[in-house]
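A.B. asks: Enclosed is the structure file final39.cif (mmCIF, N, CA and C atoms and all ligand atoms).
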```cif
data_coords
loop_
_atom_site.label_atom_id
_atom_site.label_comp_id
_atom_site.auth_asym_id
_atom_site.auth_seq_id
_atom_site.Cartn_x
_atom_site.Cartn_y
_atom_site.Cartn_z
N MET A 1138 21.53 26.23 -32.38
CA MET A 1138 20.26 26.82 -32.82
C MET A 1138 19.93 26.40 -34.25
N SER A 1139 20.91 26.33 -35.09
CA SER A 1139 20.65 26.01 -36.50
C SER A 1139 20.12 24.58 -36.65
N TYR A 1140 20.55 23.69 -35.74
CA TYR A 1140 20.03 22.31 -35.79
C TYR A 1140 18.53 22.30 -35.50
N ILE A 1141 18.16 23.12 -34.52
CA ILE A 1141 16.74 23.20 -34.16
C ILE A 1141 15.94 23.75 -35.34
N LYS A 1142 16.51 24.77 -35.96
CA LYS A 1142 15.85 25.35 -37.13
C LYS A 1142 15.65 24.29 -38.21
N LEU A 1143 16.73 23.53 -38.45
CA LEU A 1143 16.69 22.49 -39.48
C LEU A 1143 15.64 21.44 -39.15
N PHE A 1144 15.55 21.13 -37.86
CA PHE A 1144 14.58 20.14 -37.40
C PHE A 1144 13.16 20.57 -37.78
N PHE A 1145 12.85 21.85 -37.49
CA PHE A 1145 11.50 22.34 -37.81
C PHE A 1145 11.29 22.45 -39.30
N ILE A 1146 12.34 22.88 -40.00
CA ILE A 1146 12.22 23.02 -41.46
C ILE A 1146 11.98 21.64 -42.09
N ASN A 1147 12.66 20.61 -41.55
CA ASN A 1147 12.46 19.26 -42.07
C ASN A 1147 11.03 18.79 -41.88
N ILE A 1148 10.44 19.14 -40.75
CA ILE A 1148 9.09 18.65 -40.47
C ILE A 1148 8.02 19.52 -41.13
N PHE A 1149 8.11 20.83 -40.91
CA PHE A 1149 7.04 21.72 -41.38
C PHE A 1149 7.38 22.45 -42.68
N GLY A 1150 8.61 22.42 -43.06
CA GLY A 1150 9.00 23.12 -44.28
C GLY A 1150 9.42 24.56 -44.04
N TYR A 1151 9.19 25.06 -42.83
CA TYR A 1151 9.64 26.41 -42.50
C TYR A 1151 9.86 26.51 -41.00
N TYR A 1152 10.49 27.61 -40.57
CA TYR A 1152 10.76 27.78 -39.13
C TYR A 1152 10.37 29.18 -38.68
N GLU A 1153 9.68 29.23 -37.54
CA GLU A 1153 9.44 30.53 -36.89
C GLU A 1153 9.69 30.33 -35.40
N SER A 1154 10.08 31.40 -34.71
CA SER A 1154 10.51 31.24 -33.31
C SER A 1154 9.40 30.71 -32.40
N TRP A 1155 8.12 31.00 -32.70
CA TRP A 1155 7.02 30.50 -31.86
C TRP A 1155 6.99 28.97 -31.81
N MET A 1156 7.48 28.33 -32.90
CA MET A 1156 7.51 26.86 -32.93
C MET A 1156 8.40 26.32 -31.82
N LEU A 1157 9.53 26.96 -31.66
CA LEU A 1157 10.48 26.53 -30.62
C LEU A 1157 9.85 26.71 -29.25
N TRP A 1158 9.23 27.89 -29.01
CA TRP A 1158 8.63 28.15 -27.70
C TRP A 1158 7.47 27.21 -27.41
N LEU A 1159 6.67 26.97 -28.45
CA LEU A 1159 5.54 26.06 -28.29
C LEU A 1159 6.05 24.65 -27.92
N SER A 1160 7.13 24.23 -28.57
CA SER A 1160 7.69 22.91 -28.27
C SER A 1160 8.20 22.84 -26.84
N VAL A 1161 8.92 23.90 -26.43
CA VAL A 1161 9.47 23.91 -25.06
C VAL A 1161 8.34 23.85 -24.04
N VAL A 1162 7.31 24.69 -24.26
CA VAL A 1162 6.16 24.71 -23.33
C VAL A 1162 5.47 23.35 -23.31
N SER A 1163 5.29 22.73 -24.48
CA SER A 1163 4.63 21.42 -24.55
C SER A 1163 5.39 20.38 -23.76
N VAL A 1164 6.72 20.39 -23.90
CA VAL A 1164 7.55 19.41 -23.18
C VAL A 1164 7.41 19.62 -21.67
N ILE A 1165 7.45 20.89 -21.23
CA ILE A 1165 7.32 21.18 -19.79
C ILE A 1165 5.97 20.69 -19.27
N ILE A 1166 4.90 20.95 -20.02
CA ILE A 1166 3.56 20.51 -19.59
C ILE A 1166 3.51 18.98 -19.52
N LEU A 1167 4.07 18.33 -20.53
CA LEU A 1167 4.07 16.86 -20.59
C LEU A 1167 4.80 16.27 -19.39
N VAL A 1168 5.98 16.84 -19.06
CA VAL A 1168 6.77 16.35 -17.92
C VAL A 1168 5.98 16.56 -16.63
N ALA A 1169 5.34 17.74 -16.51
CA ALA A 1169 4.55 18.03 -15.30
C ALA A 1169 3.41 17.03 -15.15
N ILE A 1170 2.75 16.70 -16.25
CA ILE A 1170 1.64 15.73 -16.21
C ILE A 1170 2.17 14.36 -15.78
N LEU A 1171 3.31 13.95 -16.34
CA LEU A 1171 3.89 12.64 -15.99
C LEU A 1171 4.25 12.58 -14.52
N ILE A 1172 4.86 13.65 -14.00
CA ILE A 1172 5.22 13.70 -12.57
C ILE A 1172 3.96 13.61 -11.71
N TYR A 1173 2.92 14.33 -12.13
CA TYR A 1173 1.65 14.32 -11.40
C TYR A 1173 1.06 12.91 -11.35
N ILE A 1174 1.01 12.24 -12.50
CA ILE A 1174 0.45 10.87 -12.57
C ILE A 1174 1.27 9.92 -11.71
N PHE A 1175 2.61 10.03 -11.79
CA PHE A 1175 3.49 9.16 -11.02
C PHE A 1175 3.27 9.35 -9.52
N ASN A 1176 3.21 10.61 -9.08
CA ASN A 1176 3.00 10.90 -7.66
C ASN A 1176 1.65 10.40 -7.17
N ARG A 1177 0.65 10.52 -8.04
CA ARG A 1177 -0.67 10.06 -7.66
C ARG A 1177 -0.69 8.56 -7.42
N SER A 1178 -0.01 7.82 -8.30
CA SER A 1178 -0.03 6.36 -8.16
C SER A 1178 0.83 5.90 -6.99
N GLU A 1179 1.75 6.76 -6.53
CA GLU A 1179 2.62 6.41 -5.40
C GLU A 1179 2.05 6.91 -4.07
N GLU A 1180 1.09 7.80 -4.18
CA GLU A 1180 0.60 8.51 -3.00
C GLU A 1180 0.11 7.57 -1.89
N HIS A 1181 -0.58 6.50 -2.27
CA HIS A 1181 -1.15 5.60 -1.26
C HIS A 1181 -0.07 4.86 -0.47
N LYS A 1182 1.19 4.90 -0.96
CA LYS A 1182 2.25 4.16 -0.27
C LYS A 1182 2.60 4.76 1.09
N LYS A 1183 2.13 5.98 1.35
CA LYS A 1183 2.31 6.57 2.68
C LYS A 1183 1.34 5.92 3.67
N PHE A 1184 0.30 5.31 3.13
CA PHE A 1184 -0.72 4.63 3.93
C PHE A 1184 -0.19 3.23 4.25
N ASN A 1185 0.35 3.05 5.47
CA ASN A 1185 0.96 1.75 5.80
C ASN A 1185 0.60 1.27 7.20
N SER A 1186 -0.44 1.86 7.79
CA SER A 1186 -0.95 1.31 9.04
C SER A 1186 -2.43 1.65 9.17
N ILE A 1187 -3.14 0.77 9.85
CA ILE A 1187 -4.58 0.96 10.01
C ILE A 1187 -5.01 0.28 11.31
N SER A 1188 -6.05 0.81 11.90
CA SER A 1188 -6.61 0.16 13.09
C SER A 1188 -7.85 -0.61 12.66
N LEU A 1189 -7.76 -1.94 12.77
CA LEU A 1189 -8.87 -2.81 12.39
C LEU A 1189 -8.98 -3.91 13.42
N TYR A 1190 -10.21 -4.28 13.78
CA TYR A 1190 -10.44 -5.33 14.78
C TYR A 1190 -9.71 -5.04 16.09
N LYS A 1191 -9.71 -3.78 16.49
CA LYS A 1191 -9.15 -3.32 17.77
C LYS A 1191 -7.62 -3.42 17.85
N VAL A 1192 -6.95 -3.79 16.78
CA VAL A 1192 -5.48 -3.82 16.80
C VAL A 1192 -4.92 -3.00 15.64
N ILE A 1193 -3.61 -2.77 15.67
CA ILE A 1193 -2.96 -1.98 14.64
C ILE A 1193 -2.36 -2.94 13.60
N TRP A 1194 -2.61 -2.66 12.35
CA TRP A 1194 -2.04 -3.46 11.26
C TRP A 1194 -1.01 -2.62 10.54
N LYS A 1195 0.16 -3.23 10.30
CA LYS A 1195 1.20 -2.51 9.56
C LYS A 1195 1.66 -3.37 8.40
N TRP A 1196 2.09 -2.71 7.34
CA TRP A 1196 2.54 -3.45 6.17
C TRP A 1196 3.48 -2.59 5.34
N GLN A 1197 4.06 -3.22 4.29
CA GLN A 1197 4.93 -2.51 3.36
C GLN A 1197 4.42 -2.76 1.95
N TYR A 1198 4.99 -2.03 1.02
CA TYR A 1198 4.61 -2.24 -0.37
C TYR A 1198 5.81 -2.76 -1.16
N LYS A 1199 5.53 -3.74 -2.00
CA LYS A 1199 6.54 -4.16 -2.98
C LYS A 1199 5.87 -3.99 -4.33
N LYS A 1200 6.41 -3.05 -5.15
CA LYS A 1200 5.66 -2.55 -6.32
C LYS A 1200 4.31 -2.09 -5.77
N ASN A 1201 3.23 -2.71 -6.20
CA ASN A 1201 1.95 -2.28 -5.62
C ASN A 1201 1.32 -3.34 -4.73
N ARG A 1202 2.11 -4.39 -4.43
CA ARG A 1202 1.57 -5.46 -3.60
C ARG A 1202 1.81 -5.16 -2.13
N ILE A 1203 0.86 -5.59 -1.31
CA ILE A 1203 1.00 -5.41 0.14
C ILE A 1203 1.78 -6.60 0.68
N ILE A 1204 2.89 -6.32 1.35
CA ILE A 1204 3.69 -7.41 1.93
C ILE A 1204 3.93 -7.15 3.41
N SER A 1205 4.42 -8.17 4.11
CA SER A 1205 4.74 -8.09 5.55
C SER A 1205 3.59 -7.54 6.38
N LEU A 1206 2.39 -7.93 6.05
CA LEU A 1206 1.23 -7.48 6.82
C LEU A 1206 1.17 -8.24 8.14
N TRP A 1207 1.15 -7.49 9.25
CA TRP A 1207 1.00 -8.14 10.54
C TRP A 1207 0.32 -7.19 11.53
N CYS A 1208 -0.15 -7.76 12.65
CA CYS A 1208 -0.88 -6.96 13.63
C CYS A 1208 -0.02 -6.65 14.86
N TYR A 1209 -0.28 -5.49 15.45
CA TYR A 1209 0.51 -5.00 16.60
C TYR A 1209 -0.43 -4.52 17.70
N CYS A 1210 0.08 -4.61 18.90
CA CYS A 1210 -0.70 -4.24 20.08
C CYS A 1210 -0.98 -2.72 20.08
N PRO A 1211 -2.24 -2.31 20.26
CA PRO A 1211 -2.54 -0.88 20.29
C PRO A 1211 -2.01 -0.21 21.55
N GLU A 1212 -1.71 -0.99 22.60
CA GLU A 1212 -1.21 -0.41 23.85
C GLU A 1212 0.31 -0.27 23.84
N CYS A 1213 1.02 -1.40 23.57
CA CYS A 1213 2.48 -1.35 23.70
C CYS A 1213 3.21 -1.41 22.36
N GLY A 1214 2.50 -1.71 21.28
CA GLY A 1214 3.12 -1.70 19.96
C GLY A 1214 3.85 -2.98 19.59
N SER A 1215 3.85 -3.99 20.48
CA SER A 1215 4.52 -5.26 20.16
C SER A 1215 3.75 -6.03 19.09
N ALA A 1216 4.48 -6.86 18.36
CA ALA A 1216 3.83 -7.76 17.41
C ALA A 1216 2.97 -8.75 18.18
N LEU A 1217 1.80 -9.02 17.68
CA LEU A 1217 0.87 -9.90 18.40
C LEU A 1217 1.07 -11.36 17.99
N LEU A 1218 0.71 -12.23 18.91
CA LEU A 1218 0.70 -13.66 18.60
C LEU A 1218 -0.68 -14.01 18.06
N CYS A 1219 -0.66 -14.91 17.12
CA CYS A 1219 -1.91 -15.28 16.48
C CYS A 1219 -2.21 -16.73 16.83
N ASP A 1220 -3.30 -16.95 17.55
CA ASP A 1220 -3.67 -18.31 17.92
C ASP A 1220 -4.91 -18.74 17.15
N ASP A 1221 -4.68 -19.62 16.17
CA ASP A 1221 -5.83 -20.12 15.40
C ASP A 1221 -5.93 -21.64 15.47
N GLU A 1222 -5.33 -22.21 16.52
CA GLU A 1222 -5.37 -23.66 16.71
C GLU A 1222 -6.81 -24.18 16.73
N TYR A 1223 -7.65 -23.40 17.35
CA TYR A 1223 -9.04 -23.76 17.54
C TYR A 1223 -9.76 -23.98 16.20
N CYS A 1224 -9.30 -23.27 15.14
CA CYS A 1224 -9.94 -23.36 13.82
C CYS A 1224 -9.85 -24.75 13.23
N ARG A 1225 -8.79 -25.49 13.57
CA ARG A 1225 -8.59 -26.81 12.96
C ARG A 1225 -9.50 -27.87 13.56
N SER A 1226 -9.95 -27.62 14.78
CA SER A 1226 -10.77 -28.63 15.43
C SER A 1226 -12.25 -28.47 15.14
N THR A 1227 -12.59 -27.45 14.37
CA THR A 1227 -14.01 -27.25 14.07
C THR A 1227 -14.23 -27.05 12.57
N VAL A 1228 -15.37 -27.48 12.09
CA VAL A 1228 -15.69 -27.26 10.67
C VAL A 1228 -16.72 -26.14 10.50
N ALA A 1229 -17.43 -25.80 11.58
CA ALA A 1229 -18.44 -24.74 11.50
C ALA A 1229 -17.75 -23.39 11.41
N LEU A 1230 -18.07 -22.64 10.34
CA LEU A 1230 -17.43 -21.33 10.12
C LEU A 1230 -17.65 -20.38 11.28
N THR A 1231 -18.84 -20.43 11.87
CA THR A 1231 -19.17 -19.48 12.93
C THR A 1231 -18.41 -19.76 14.23
N SER A 1232 -17.86 -20.99 14.35
CA SER A 1232 -17.09 -21.25 15.57
C SER A 1232 -15.58 -21.19 15.33
N LYS A 1233 -15.17 -20.95 14.07
CA LYS A 1233 -13.74 -20.75 13.78
C LYS A 1233 -13.33 -19.38 14.32
N THR A 1234 -12.44 -19.38 15.27
CA THR A 1234 -12.06 -18.12 15.89
C THR A 1234 -10.54 -17.99 15.95
N THR A 1235 -10.05 -16.81 15.59
CA THR A 1235 -8.62 -16.53 15.70
C THR A 1235 -8.41 -15.49 16.80
N PHE A 1236 -7.52 -15.80 17.71
CA PHE A 1236 -7.24 -14.90 18.83
C PHE A 1236 -5.94 -14.16 18.58
N LEU A 1237 -5.95 -12.87 18.87
CA LEU A 1237 -4.72 -12.08 18.77
C LEU A 1237 -4.29 -11.74 20.19
N ILE A 1238 -3.10 -12.19 20.53
CA ILE A 1238 -2.64 -12.11 21.91
C ILE A 1238 -1.35 -11.29 22.01
N CYS A 1239 -1.28 -10.44 23.05
CA CYS A 1239 -0.04 -9.68 23.27
C CYS A 1239 0.73 -10.31 24.44
N LYS A 1240 1.90 -10.86 24.10
CA LYS A 1240 2.79 -11.45 25.12
C LYS A 1240 3.29 -10.37 26.06
N ASN A 1241 3.64 -9.23 25.47
CA ASN A 1241 4.26 -8.15 26.22
C ASN A 1241 3.34 -7.55 27.28
N CYS A 1242 2.02 -7.58 27.00
CA CYS A 1242 1.06 -7.06 27.98
C CYS A 1242 0.66 -8.16 28.97
N GLY A 1243 1.29 -9.31 28.92
CA GLY A 1243 0.99 -10.39 29.86
C GLY A 1243 -0.02 -11.37 29.30
N ASP A 1244 0.21 -11.84 28.08
CA ASP A 1244 -0.67 -12.82 27.42
C ASP A 1244 -2.13 -12.39 27.40
N VAL A 1245 -2.33 -11.12 27.12
CA VAL A 1245 -3.70 -10.59 27.09
C VAL A 1245 -4.29 -10.73 25.70
N GLU A 1246 -5.53 -11.14 25.64
CA GLU A 1246 -6.22 -11.22 24.35
C GLU A 1246 -6.57 -9.80 23.90
N LYS A 1247 -6.08 -9.41 22.73
CA LYS A 1247 -6.34 -8.06 22.23
C LYS A 1247 -7.52 -8.04 21.28
N SER A 1248 -7.75 -9.16 20.64
CA SER A 1248 -8.86 -9.21 19.70
C SER A 1248 -9.18 -10.66 19.36
N ARG A 1249 -10.42 -10.91 18.97
CA ARG A 1249 -10.76 -12.23 18.44
C ARG A 1249 -11.60 -12.04 17.19
N ILE A 1250 -11.29 -12.81 16.20
CA ILE A 1250 -11.98 -12.68 14.92
C ILE A 1250 -12.66 -14.01 14.61
N VAL A 1251 -13.96 -13.96 14.43
CA VAL A 1251 -14.74 -15.16 14.16
C VAL A 1251 -14.88 -15.33 12.64
N GLY A 1252 -14.70 -16.54 12.18
CA GLY A 1252 -14.94 -16.83 10.75
C GLY A 1252 -13.82 -17.59 10.07
N GLY A 1253 -12.63 -17.62 10.68
CA GLY A 1253 -11.56 -18.35 10.02
C GLY A 1253 -10.23 -18.24 10.74
N ASP A 1254 -9.20 -18.83 10.13
CA ASP A 1254 -7.87 -18.85 10.72
C ASP A 1254 -7.05 -17.61 10.32
N ARG A 1255 -5.76 -17.67 10.60
CA ARG A 1255 -4.92 -16.49 10.34
C ARG A 1255 -4.85 -16.11 8.86
N ASN A 1256 -4.89 -17.11 7.98
CA ASN A 1256 -4.87 -16.80 6.55
C ASN A 1256 -6.12 -16.05 6.13
N TYR A 1257 -7.21 -16.49 6.69
CA TYR A 1257 -8.49 -15.83 6.44
C TYR A 1257 -8.42 -14.38 6.94
N LEU A 1258 -7.90 -14.22 8.15
CA LEU A 1258 -7.81 -12.89 8.76
C LEU A 1258 -6.92 -11.95 7.93
N LEU A 1259 -5.74 -12.47 7.52
CA LEU A 1259 -4.83 -11.65 6.72
C LEU A 1259 -5.47 -11.27 5.39
N LYS A 1260 -6.25 -12.21 4.83
CA LYS A 1260 -6.93 -11.93 3.57
C LYS A 1260 -7.98 -10.84 3.73
N ILE A 1261 -8.78 -10.92 4.80
CA ILE A 1261 -9.81 -9.88 4.94
C ILE A 1261 -9.21 -8.52 5.28
N VAL A 1262 -8.11 -8.52 6.05
CA VAL A 1262 -7.47 -7.23 6.37
C VAL A 1262 -6.88 -6.63 5.09
N LYS A 1263 -6.23 -7.48 4.28
CA LYS A 1263 -5.67 -7.04 3.01
C LYS A 1263 -6.78 -6.48 2.11
N PHE A 1264 -7.90 -7.17 2.12
CA PHE A 1264 -9.05 -6.73 1.32
C PHE A 1264 -9.52 -5.35 1.78
N GLU A 1265 -9.59 -5.15 3.10
CA GLU A 1265 -10.01 -3.87 3.65
C GLU A 1265 -9.04 -2.75 3.27
N ILE A 1266 -7.73 -3.07 3.29
CA ILE A 1266 -6.71 -2.09 2.93
C ILE A 1266 -6.87 -1.71 1.45
N GLN A 1267 -6.99 -2.74 0.61
CA GLN A 1267 -7.11 -2.49 -0.83
C GLN A 1267 -8.37 -1.70 -1.16
N LYS A 1268 -9.43 -1.99 -0.43
CA LYS A 1268 -10.68 -1.26 -0.64
C LYS A 1268 -10.47 0.22 -0.35
N ARG A 1269 -9.74 0.52 0.75
CA ARG A 1269 -9.51 1.92 1.12
C ARG A 1269 -8.58 2.63 0.15
N ILE A 1270 -7.64 1.86 -0.43
CA ILE A 1270 -6.74 2.46 -1.43
C ILE A 1270 -7.55 2.78 -2.69
N LYS A 1271 -8.40 1.82 -3.07
CA LYS A 1271 -9.17 1.94 -4.30
C LYS A 1271 -10.12 3.13 -4.25
N ASN A 1272 -10.85 3.29 -3.16
CA ASN A 1272 -11.80 4.41 -3.10
C ASN A 1272 -11.25 5.62 -2.33
N SER A 1273 -9.92 5.57 -2.05
CA SER A 1273 -9.20 6.70 -1.43
C SER A 1273 -9.73 7.09 -0.05
N THR A 1274 -10.48 6.22 0.62
CA THR A 1274 -10.99 6.59 1.95
C THR A 1274 -9.90 6.52 3.01
N TYR A 1275 -8.71 5.98 2.67
CA TYR A 1275 -7.64 5.94 3.66
C TYR A 1275 -7.19 7.34 4.05
N LYS A 1276 -7.57 8.34 3.20
CA LYS A 1276 -7.18 9.72 3.52
C LYS A 1276 -8.01 10.27 4.68
N ASN A 1277 -9.24 9.73 4.87
CA ASN A 1277 -10.08 10.16 6.00
C ASN A 1277 -9.75 9.26 7.18
N ARG A 1278 -8.88 9.72 8.03
CA ARG A 1278 -8.37 8.85 9.09
C ARG A 1278 -9.45 8.40 10.08
N SER A 1279 -10.50 9.20 10.22
CA SER A 1279 -11.55 8.84 11.17
C SER A 1279 -12.30 7.59 10.74
N GLU A 1280 -12.33 7.31 9.43
CA GLU A 1280 -13.06 6.16 8.94
C GLU A 1280 -12.29 4.86 9.09
N GLN A 1281 -11.01 4.97 9.41
CA GLN A 1281 -10.17 3.78 9.43
C GLN A 1281 -10.54 2.80 10.54
N ASP A 1282 -11.21 3.34 11.55
CA ASP A 1282 -11.43 2.49 12.73
C ASP A 1282 -12.83 1.89 12.75
N GLU A 1283 -13.54 1.97 11.63
CA GLU A 1283 -14.95 1.60 11.67
C GLU A 1283 -15.20 0.15 12.10
N SER A 1284 -14.34 -0.78 11.65
CA SER A 1284 -14.63 -2.17 11.96
C SER A 1284 -14.33 -2.51 13.42
N SER A 1285 -13.44 -1.75 14.06
CA SER A 1285 -13.11 -2.07 15.45
C SER A 1285 -14.15 -1.53 16.41
N ARG A 1286 -15.05 -0.68 15.90
CA ARG A 1286 -16.12 -0.17 16.75
C ARG A 1286 -17.24 -1.21 16.87
N VAL A 1287 -17.28 -2.15 15.96
CA VAL A 1287 -18.35 -3.16 15.93
C VAL A 1287 -18.22 -4.09 17.14
ZN ZN B 1 0.75 -5.10 24.34
#
```
Using structure tokens, write down the structure from this file.

C.D. replies:
Amino acid sequence: MSYIKLFFINIFGYYESWMLWLSVVSVIILVAILIYIFNRSEEHKKFNSISLYKVIWKWQYKKNRIISLWCYCPECGSALLCDDEYCRSTVALTSKTTFLICKNCGDVEKSRIVGGDRNYLLKIVKFEIQKRIKNSTYKNRSEQDESSRV
């Protein structure tokens, strides 16, 4: 206790018990604020799947980067095959099409995305995910499926 007293006397020139209590309360508030900020910035990490373009997308986070993003069958949950061979034979953006196929469901086409190859598709899905993290709309689960209704 005497060290604490000395600490306050060194800074303020005198010591009263309210100083100690005020310091303790300030530290508790500060820690609570830090925990709150930390939890808030981590909160979106629970958001790791979304339904877009009629299929399920899953991913992980490394720090705040989205990694291992891939699409899965909405029926059986298998990882989908991505066929973008067709994109290389055409230069017209509107005819560049990527097909998402489920082997497990019997080579069934689950979705087709017009506009580019698999890199393009992964980029736009990543963009959609980041947009939802940024404006916090990922919390409204009903809005997650908007693009697959198109
Ligand atoms: Zn399937």

A.B. asks: Write out as a list in words each polymer residue whose atoms come within 12 Å of A:Lys1200, counting only C-alpha atoms; drop sequence neighbours fewer than 6 positions from it.

C.D. replies: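 The residues satisfying every condition are Ser1178, Glu1179, His1181 and Lys1182 of chain A.
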
A.B. asks: Collect all residues with atoms no farther than 10 Å from ligand ZN 1 (chain B), counting only C-alpha atoms and all ligand atoms, and output them as a VMD selection string.

C.D. replies: chain A and resid 1192 1209 to 1217 1238 to 1247

A.B. asks: Can you work out which one of A:Tyr1173, A:Trp1194, A:Tyr1223, A:Tyr1275 has the shortest atom-to-atom distance to A:Gly1253, counting all atoms listed in the file?

C.D. replies: A:Tyr1223

A.B. asks: As a ChimeraX atom specification, list the residues of chain A assigned to alpha helix (DSSP H) by DSSP on the backbone atoms of this structure.

C.D. replies: /A:1139-1149,1154-1180,1222-1225,1255-1271

A.B. asks: Can you measure atom N of A:Ser1154 to atom CA of A:Tyr1140 for me? One decimal in Å is fine.

C.D. replies: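 Computing the Euclidean distance for atom N of A:Ser1154 and atom CA of A:Tyr1140 yields 13.5 Å.
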
A.B. asks: Between atom CA of A:Lys1233 and atom N of A:Cys1219, what is the distance, to one decimal in Å?

C.D. replies: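 Atom-to-atom, atom CA of A:Lys1233 to atom N of A:Cys1219, that is 14.7 Å.
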
A.B. asks: How far is it from atom C of A:Gly1150 to atom CA of A:Val1168, in Å with one decimal?

C.D. replies: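 Interatomic distance, atom C of A:Gly1150 to atom CA of A:Val1168: 27.5 Å.
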